[in-house]
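Asker: File name model_19.tsv; file contents TSV, C-alpha atoms; full text below.
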```tsv
chain	number	residue	atom	x	y	z
T	1	MET	CA	25.42	-7.27	7.16
T	2	LYS	CA	24.90	-8.25	3.55
T	3	ARG	CA	24.44	-5.48	1.00
T	4	PHE	CA	21.37	-5.63	-1.20
T	5	ASP	CA	22.48	-3.91	-4.38
T	6	LEU	CA	19.92	-3.58	-7.14
T	7	PRO	CA	20.60	-5.58	-10.31
T	8	GLU	CA	21.73	-3.65	-13.38
T	9	GLU	CA	18.40	-4.25	-15.16
T	10	ILE	CA	16.55	-2.41	-12.41
T	11	VAL	CA	19.10	0.41	-12.28
T	12	ASN	CA	18.83	0.94	-16.04
T	13	ALA	CA	15.02	0.76	-16.00
T	14	ALA	CA	14.84	3.22	-13.08
T	15	LYS	CA	16.79	5.77	-15.12
T	16	LYS	CA	13.91	5.73	-17.62
T	17	GLY	CA	11.24	6.49	-15.00
T	18	MET	CA	8.15	4.81	-13.56
T	19	GLY	CA	7.15	2.91	-16.67
T	20	TYR	CA	6.44	-0.66	-17.60
T	21	GLU	CA	10.14	-1.45	-18.01
T	22	LEU	CA	10.79	-0.75	-14.33
T	23	TYR	CA	7.67	-2.62	-13.25
T	24	ARG	CA	8.72	-5.64	-15.31
T	25	ALA	CA	12.33	-5.58	-14.04
T	26	LEU	CA	11.20	-5.41	-10.40
T	27	LEU	CA	8.60	-8.13	-10.91
T	28	PHE	CA	11.00	-10.53	-12.66
T	29	GLU	CA	13.80	-9.99	-10.15
T	30	TYR	CA	11.82	-9.94	-6.89
T	31	GLY	CA	8.35	-11.30	-7.70
T	32	LYS	CA	5.52	-10.07	-5.49
T	33	ARG	CA	7.94	-8.02	-3.36
T	34	GLY	CA	9.19	-6.19	-6.44
T	35	GLU	CA	5.64	-5.48	-7.55
T	36	LYS	CA	4.80	-4.09	-4.12
T	37	ALA	CA	7.94	-1.93	-4.21
T	38	PHE	CA	6.89	-0.46	-7.57
T	39	PHE	CA	3.51	0.56	-6.20
T	40	TYR	CA	5.00	1.99	-2.99
T	41	ILE	CA	7.06	4.33	-5.17
T	42	LYS	CA	4.27	5.07	-7.63
T	43	GLU	CA	1.80	5.91	-4.85
T	44	GLY	CA	4.26	8.23	-3.07
T	45	ARG	CA	4.66	6.05	0.00
T	46	VAL	CA	8.44	6.45	0.32
T	47	LYS	CA	9.45	9.21	2.75
T	48	LYS	CA	12.93	10.46	3.55
T	49	TYR	CA	13.54	11.98	6.95
T	50	ARG	CA	16.85	13.29	8.27
T	51	ASP	CA	17.53	10.02	10.08
T	52	PHE	CA	15.65	7.28	8.17
T	53	PHE	CA	13.63	6.38	5.15
T	54	VAL	CA	10.08	5.31	5.97
T	55	VAL	CA	7.78	3.30	3.72
T	56	ILE	CA	4.06	3.44	4.37
T	57	GLY	CA	2.61	-0.02	3.95
T	58	GLU	CA	0.21	-1.73	6.28
T	59	HIS	CA	2.17	0.17	8.94
T	60	GLU	CA	5.06	2.62	8.79
T	61	TYR	CA	8.30	0.72	8.27
T	62	ILE	CA	11.73	2.19	8.94
T	63	VAL	CA	14.38	1.36	6.37
T	64	ASP	CA	17.99	2.09	7.28
T	65	ASN	CA	20.52	0.97	4.69
T	66	ASP	CA	19.93	-2.79	4.33
T	67	PHE	CA	17.60	-3.21	7.32
T	68	CYS	CA	13.83	-2.93	7.63
T	69	THR	CA	11.57	-3.11	10.65
T	70	CYS	CA	8.90	-5.21	8.88
T	71	ARG	CA	8.13	-8.79	9.90
T	72	ASP	CA	8.68	-10.07	6.37
T	73	PHE	CA	12.31	-8.96	6.39
T	74	GLN	CA	13.05	-10.07	9.93
T	75	PHE	CA	11.19	-13.38	10.07
T	76	ASN	CA	10.31	-14.67	6.60
T	77	LEU	CA	13.45	-13.53	4.79
T	78	LYS	CA	15.62	-13.75	7.92
T	79	ALA	CA	17.51	-10.64	6.73
T	80	ARG	CA	19.04	-12.65	3.87
T	81	ARG	CA	17.12	-10.95	1.06
T	82	PRO	CA	15.51	-7.53	0.71
T	83	CYS	CA	11.85	-6.99	1.50
T	84	ALA	CA	9.55	-4.80	-0.62
T	85	HIS	CA	10.33	-1.79	1.59
T	86	ILE	CA	14.10	-2.02	1.08
T	87	ILE	CA	13.61	-2.55	-2.66
T	88	ALA	CA	11.32	0.48	-2.80
T	89	VAL	CA	13.78	2.72	-0.95
T	90	LYS	CA	16.78	1.66	-3.05
T	91	THR	CA	14.83	2.18	-6.27
T	92	ALA	CA	13.30	5.48	-5.13
T	93	LYS	CA	16.75	6.78	-4.18
T	94	LEU	CA	18.00	6.11	-7.72
T	95	MET	CA	15.10	8.09	-9.13
T	96	HIS	CA	14.93	10.76	-6.40
T	97	LYS	CA	11.26	9.82	-6.14
T	98	TYR	CA	10.38	10.24	-2.47
T	99	ASP	CA	8.92	12.90	-0.22
T	100	GLU	CA	11.62	14.59	1.82
T	101	TYR	CA	11.14	16.01	5.30
T	102	ASP	CA	13.67	18.18	7.09
T	103	GLU	CA	12.78	16.53	10.39
T	104	TYR	CA	13.85	13.53	12.39
T	105	TYR	CA	11.47	10.58	12.22
T	106	VAL	CA	12.34	9.60	15.79
T	107	ASP	CA	10.65	12.81	16.92
T	108	PHE	CA	7.34	11.37	15.69
T	109	MET	CA	7.71	7.93	17.23
T	110	VAL	CA	5.54	7.03	20.20
T	111	LYS	CA	7.49	7.09	23.42
```
Can you dump the structure from the file as structure tokens?
Answerer:
Amino acid sequence: MKRFDLPEEIVNAAKKGMGYELYRALLFEYGKRGEKAFFYIKEGRVKKYRDFFVVIGEHEYIVDNDFCTCRDFQFNLKARRPCAHIIAVKTAKLMHKYDEYDEYYVDFMVK
């Protein structure tokens, strides 16, 4: 599977925090998906469990490395480019800006 590494501009902006520079870098690099990713982080919607990252959007989306369970990633982007959820997780990880739970997300999934 292809790796979706963040461009250097985003990495550098993330080191400076949740300011306009990061917003602008995400928007210019990823457009609407980058903007959505910024707000997912800003609004505290990125969660880290013991097994997965989860981003709360319209639904809860599981992000595992360079894969996301959202329809945008699987159907529109055909897993060739990162969706807003993957971008949010990768950026949030750089900044350590996520809620962390010492639990397994799979324990909360409907069986």
Asker: Which polymer residues have any atom within 7 Å of an atom of range 5-17 of chain T, counting all atoms listed in the file, with same-chain residues fewer than 5 positions away left out, as a short mmCIF file (atom, residue, chain, number, x, y, z; two decimals) with C-alpha atoms, keeping the file's coordinate frame?
Answerer:
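Saved result, around.cif, follows:
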```
data_model
loop_
_atom_site.label_atom_id
_atom_site.label_comp_id
_atom_site.auth_asym_id
_atom_site.auth_seq_id
_atom_site.Cartn_x
_atom_site.Cartn_y
_atom_site.Cartn_z
CA LEU T 22 10.79 -0.75 -14.33
CA ALA T 25 12.33 -5.58 -14.04
CA LEU T 26 11.20 -5.41 -10.40
CA THR T 91 14.83 2.18 -6.27
CA LEU T 94 18.00 6.11 -7.72
CA MET T 95 15.10 8.09 -9.13
#
```
Asker: What does the structure give for the distance between CA of Tyr101 in chain T and CA of Cys70 in chain T, in Å to one decimal?
Answerer: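 Spanning CA of Tyr101 in chain T to CA of Cys70 in chain T is a straight-line distance of 21.6 Å.
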Asker: Taking 6 positions as the minimum chain separation for residues in the same chain, which residues sit within 9 Å of range 36-42 of chain T when counting all atoms listed in the file? Answer as a list in words.
Answerer: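 Once the adjacent positions are removed, what remains is Met18, Leu22, Tyr23, Leu26, Leu27, Val55, Ile56, Gly57, Cys83, Ala84, His85, Ile86, Ile87, Ala88, Val89, Thr91, Ala92, Lys97 and Tyr98 of chain T.
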Asker: Find, counting only C-alpha atoms, the residue in T:Arg24, T:Asp72, T:Glu100, T:Asp64 that gets nearest to Phe4 in chain T.
Answerer: T:Asp64
Asker: Can you tell me how far CA of Lys48 in chain T sits from CA of Lys93 in chain T, in Å to one decimal?
Answerer: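 Calculated distance between CA of Lys48 in chain T and CA of Lys93 in chain T is 9.4 Å.
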Asker: Tell me which of T:Pro82, T:Tyr104, T:Phe73, T:Met109 sits closest to Arg50 in chain T, counting only C-alpha atoms.
Answerer: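 Of the candidates, the smallest distance to Arg50 in chain T is held by T:Tyr104.
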Asker: Distance CA of Val54 in chain T-CA of Arg71 in chain T, one decimal place?
Answerer: 14.8 Å
Asker: Identify which of the residues T:Tyr105, T:Lys32, T:Arg80, T:Gly19 lies closest to Glu60 in chain T, counting all atoms listed in the file when measuring atom-to-atom distances.
Answerer: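 The closest residue to Glu60 in chain T is T:Tyr105.
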Asker: Closest to Gly34 in chain T among T:Phe75, T:Phe108, T:His96, T:Lys90, using only C-alpha atoms?
Answerer: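 That would be T:Lys90, the residue with the smallest distance to Gly34 in chain T.
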Asker: Taking into account all atoms listed in the file, which residue in the set T:Arg45, T:Phe52, T:Tyr20, T:Arg81 is nearest to Glu103 in chain T?
Answerer: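 The shortest atom-to-atom distance to Glu103 in chain T comes from T:Phe52.
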Asker: Could you pull the residues within 6 Å of Phe53 in chain T, counting only C-alpha atoms, minus those fewer than 4 positions along the same chain, as an mmCIF file with C-alpha atoms, in the coordinates of the input?
Answerer:
```cif
data_model
loop_
_atom_site.group_PDB
_atom_site.id
_atom_site.type_symbol
_atom_site.label_atom_id
_atom_site.label_comp_id
_atom_site.auth_asym_id
_atom_site.auth_seq_id
_atom_site.Cartn_x
_atom_site.Cartn_y
_atom_site.Cartn_z
ATOM 1 C CA LYS T 47 9.450 9.210 2.750
ATOM 2 C CA LYS T 48 12.930 10.460 3.550
ATOM 3 C CA TYR T 49 13.540 11.980 6.950
ATOM 4 C CA ILE T 62 11.730 2.190 8.940
ATOM 5 C CA VAL T 63 14.380 1.360 6.370
#
```
Asker: For a quick check of understanding, using all atoms listed in the file, which of T:Asp107, T:Ala79, T:Asp102, T:Tyr30 has the smallest distance to Phe67 in chain T?
Answerer: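 So, comparing all the options, the nearest one is T:Ala79.
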